[in-house]
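This report concerns only the one structure given below.
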Amino acid sequence: MGRSRRTIPEELLLLALDPTTGTTAQPQSLDLGLAGAQLVELALAGRIAPDGDRIAVVMARPTGDPTLDSALELLRRRGSPVRAVHWIGGPRLGLRQTYLTHLERCGMVHAVAGQMCGVLPTTRYQATETAISREIRARLDNAIRTGVPPDPRTAALAALAHAVGLGKHLYPGNEGRSSRSRLRDLIRHDPMGGLVAHAVMDVQNGVAVQPRRQQAAGATAVRQPAARATADPAGAPVQSRHGHGHGRMARVGAR
């Protein structure tokens with residue numbers, strides 16, 4: 001898999017990144033969405049495939065993307081298909097920070113160090129390649145505006161954006177209500193993206209323990225993302241210097 005194309009986890013994170021504050025919208029559900037986005041990217045790369053509400057590895061050959069290959073190896077070690085809700089609901093410590101660090105290394109964002117309350121170190125992330133973020137947003141806008149079935153990558157991105165609750169971030173207020181509704185409806189255009197998006201919402205809603213009946217192809221009824229994952233006024237809670245994951249210092253923007 002070449003690195004010339006941005007992956008769906010990267011695009012989802014860029015969509016969630018607030019260009020003004022340098023924080024990420026919907027930080028709690030975004031972590032679930034990134035794990036789900038990895039599954040979609042691996043499916044598009046031909047490495048995994050849906051098996052009912054489970055995910056099966058069909059080709060264990062590495063993609064060339066270290067983060068995706070780590071997820072692929074974990075799936076391979078399971079030895080049998082794993083339910084999407086169990087995979088997405090599992091611990092993913094440091095996944096958001098891993099992608100933020102990658103975007104920084106690629107020059108798409110830059111880290112801005114700061115302090116909270118004048119004591120706790122924080123890091124926020126500002127987009128540097130704003131044209132890329134605009135192009136990603138334009139693809140969603142075009143699919144919403146025209147009603148033309150989008151390509152699988154855009155359809156999956158739309159499904160995940162809805163699942164993690166980015167609709168109100170991308171299309172706020174009463175004037176954005178119809179756009180949020182059409183964003184939700186794009187979920188039906190990609191079976192794998194739909195499966196993963198529903199799994200993300202199931203985990204948020206606490207129903208991951210019950211197998212979900214696979215919806216009929218083309219079904220338009222979709223779950224609403226849980227409303228409890230919202231960005232706090234300060235942007236993001238600060239992790240301890242000795243906290244879990246990869247944070248040696250607090251990463252506010254990496255929520």
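Chain identifiers are assigned as A, B, and so on, following the order in which chains appear in the structure tokens; residues are numbered from 1 within each chain, and ligands are numbered from 1 in order of appearance.
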Notebook entry, point to check: Hey, what does DSSP flag as helix (DSSP H, G or I) within range 25-144 of chain A? Can you give it to me as a PyMOL selection string?
Noted result: chain A and resi 27-44+66-78+84-88+95-105+130-144
Could you give me, as an mmCIF file with C-alpha atoms, in the first residue's frame, the residues within 7 Å of range 87-103 of chain A, counting only C-alpha atoms and dropping anything in the same chain fewer than 3 positions from it?
data_model
loop_
_atom_site.group_PDB
_atom_site.id
_atom_site.type_symbol
_atom_site.label_atom_id
_atom_site.label_comp_id
_atom_site.auth_asym_id
_atom_site.auth_seq_id
_atom_site.Cartn_x
_atom_site.Cartn_y
_atom_site.Cartn_z
ATOM 1 C CA GLU A 10 -5.678 10.468 8.981
ATOM 2 C CA ASP A 31 -10.698 7.292 19.513
ATOM 3 C CA LEU A 32 -13.295 4.653 18.645
ATOM 4 C CA ALA A 35 -9.910 2.219 15.445
ATOM 5 C CA GLY A 36 -12.856 1.712 13.104
ATOM 6 C CA VAL A 82 -13.504 -10.984 15.633
ATOM 7 C CA ARG A 83 -16.674 -9.024 16.201
ATOM 8 C CA ALA A 84 -16.250 -5.437 15.058
ATOM 9 C CA CYS A 106 4.369 14.673 7.315
ATOM 10 C CA GLY A 107 4.079 18.426 7.767
ATOM 11 C CA MET A 108 0.271 18.493 7.811
ATOM 12 C CA VAL A 109 0.054 19.779 11.403
ATOM 13 C CA VAL A 200 -18.701 2.514 16.783
ATOM 14 C CA VAL A 203 -19.873 0.722 21.627
ATOM 15 C CA GLY A 245 -0.203 5.563 26.453
ATOM 16 C CA HIS A 246 2.631 7.350 24.709
ATOM 17 C CA ALA A 254 -4.462 15.022 21.129
#
Notebook entry, point to check: Taking the backbone alone, and naming residues the way the document does, which bits of range 4-247 of chain A are strand (DSSP E) by DSSP, as a PyMOL selection string?
Noted result: chain A and resi 48-51+54-57+82-83+109-116+120-127
Selection: 8 Å around Ala156 in chain A, only C-alpha atoms, excl. self and same-chain fewer than 3 positions, as a compact mmCIF listing (two decimals) with N, CA and C atoms, in the first residue's frame:
# COMPACT_ATOMS: atom_id res chain seq x y z
N VAL A 40 -11.60 -0.08 8.10
CA VAL A 40 -12.04 0.27 6.75
C VAL A 40 -10.85 0.35 5.80
N PRO A 152 -16.07 4.77 -2.42
CA PRO A 152 -16.06 4.04 -1.15
C PRO A 152 -15.31 4.74 -0.03
N ARG A 153 -14.19 5.39 -0.35
CA ARG A 153 -13.42 6.07 0.69
C ARG A 153 -14.21 7.23 1.30
N ALA A 159 -19.52 7.99 6.91
CA ALA A 159 -20.14 7.11 7.90
C ALA A 159 -19.46 7.24 9.25
N LEU A 160 -18.13 7.29 9.25
CA LEU A 160 -17.38 7.42 10.50
C LEU A 160 -17.55 8.80 11.11
N ILE A 187 -24.15 6.74 4.98
CA ILE A 187 -23.66 5.51 5.58
C ILE A 187 -24.04 4.28 4.76
N HIS A 189 -23.87 3.81 1.60
CA HIS A 189 -23.17 3.65 0.34
C HIS A 189 -21.91 2.79 0.44
N ASP A 190 -21.52 2.37 1.61
CA ASP A 190 -20.34 1.52 1.75
C ASP A 190 -20.60 0.47 2.83
N MET A 192 -18.80 -1.91 4.29
CA MET A 192 -17.80 -2.03 5.35
C MET A 192 -17.82 -0.79 6.24
N GLY A 193 -17.90 0.39 5.61
CA GLY A 193 -17.99 1.61 6.40
C GLY A 193 -19.23 1.62 7.26
N GLY A 194 -20.35 1.11 6.73
CA GLY A 194 -21.57 1.05 7.51
C GLY A 194 -21.46 0.10 8.69
Check: For Ala138 in chain A, which residue out of A:Leu15, A:Ala37, A:Leu74, A:Ala199 is the nearest one, using only C-alpha atoms?
Finding: A:Leu15
Next item on the list: Pick out the closest residue to Leu183 in chain A from this set: A:Leu140, A:Met59, A:Pro149, A:Val164. Count only C-alpha atoms.
Entry: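 Distance minimum relative to Leu183 in chain A lands on A:Leu140.
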Notebook entry, point to check: Any idea what's packed within 10 Å of Asp141 in chain A, counting only C-alpha atoms, ignoring anything in its chain fewer than 3 positions away? Could you give it as a ChimeraX atom specification?
Noted result: /A:135-138,144-147,158,170-171,179,182-183
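For the pair CA of Pro9 in chain A and CA of Arg76 in chain A, the separation is 20.1 Å.
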Note to self: Applying 9 Å and only C-alpha atoms, which residues near Arg139 in chain A remain after dropping the ones on its own chain fewer than 5 positions away? List them as a PyMOL selection string.
What the structure shows: chain A and resi 134+144+150+154
Residues of the last selection are to be written out with all heavy atoms, as a CSV table (one decimal), in the first residue's frame.
chain,number,residue,atom,x,y,z
A,134,ARG,N,-9.3,21.3,3.5
A,134,ARG,CA,-10.4,21.8,2.6
A,134,ARG,C,-10.8,20.8,1.6
A,134,ARG,O,-12.0,20.7,1.3
A,134,ARG,CB,-10.0,23.1,2.0
A,134,ARG,CG,-9.9,24.3,2.9
A,134,ARG,CD,-9.9,25.6,2.2
A,134,ARG,NE,-8.8,25.7,1.2
A,134,ARG,CZ,-7.6,26.2,1.6
A,134,ARG,NH1,-7.4,26.7,2.8
A,134,ARG,NH2,-6.6,26.3,0.7
A,144,ILE,N,-22.9,15.4,-0.1
A,144,ILE,CA,-24.1,15.9,0.6
A,144,ILE,C,-25.0,16.7,-0.4
A,144,ILE,O,-26.2,16.6,-0.5
A,144,ILE,CB,-23.8,16.6,1.8
A,144,ILE,CG1,-23.3,15.7,2.9
A,144,ILE,CG2,-25.0,17.4,2.3
A,144,ILE,CD1,-22.7,16.4,4.2
A,150,PRO,N,-21.1,8.6,-3.4
A,150,PRO,CA,-19.7,8.9,-3.4
A,150,PRO,C,-18.8,7.6,-3.5
A,150,PRO,O,-19.3,6.5,-3.5
A,150,PRO,CB,-19.5,9.4,-1.9
A,150,PRO,CG,-20.5,8.7,-1.1
A,150,PRO,CD,-21.7,8.6,-2.1
A,154,THR,N,-14.8,8.0,0.4
A,154,THR,CA,-15.6,9.2,0.9
A,154,THR,C,-16.8,8.7,1.7
A,154,THR,O,-17.2,9.2,2.7
A,154,THR,CB,-16.0,10.1,-0.2
A,154,THR,OG1,-14.9,10.5,-0.9
A,154,THR,CG2,-16.8,11.3,0.3
Item checked: Residue neighbourhood range 44-52 of chain A, 12 Å, only C-alpha atoms, exclusion window fewer than 3 positions, as a ChimeraX atom specification -> /A:1-2,5,7-8,37-41,55-65,68-69,71-73,75-76,80-84,151-154,156,190-196,211-216
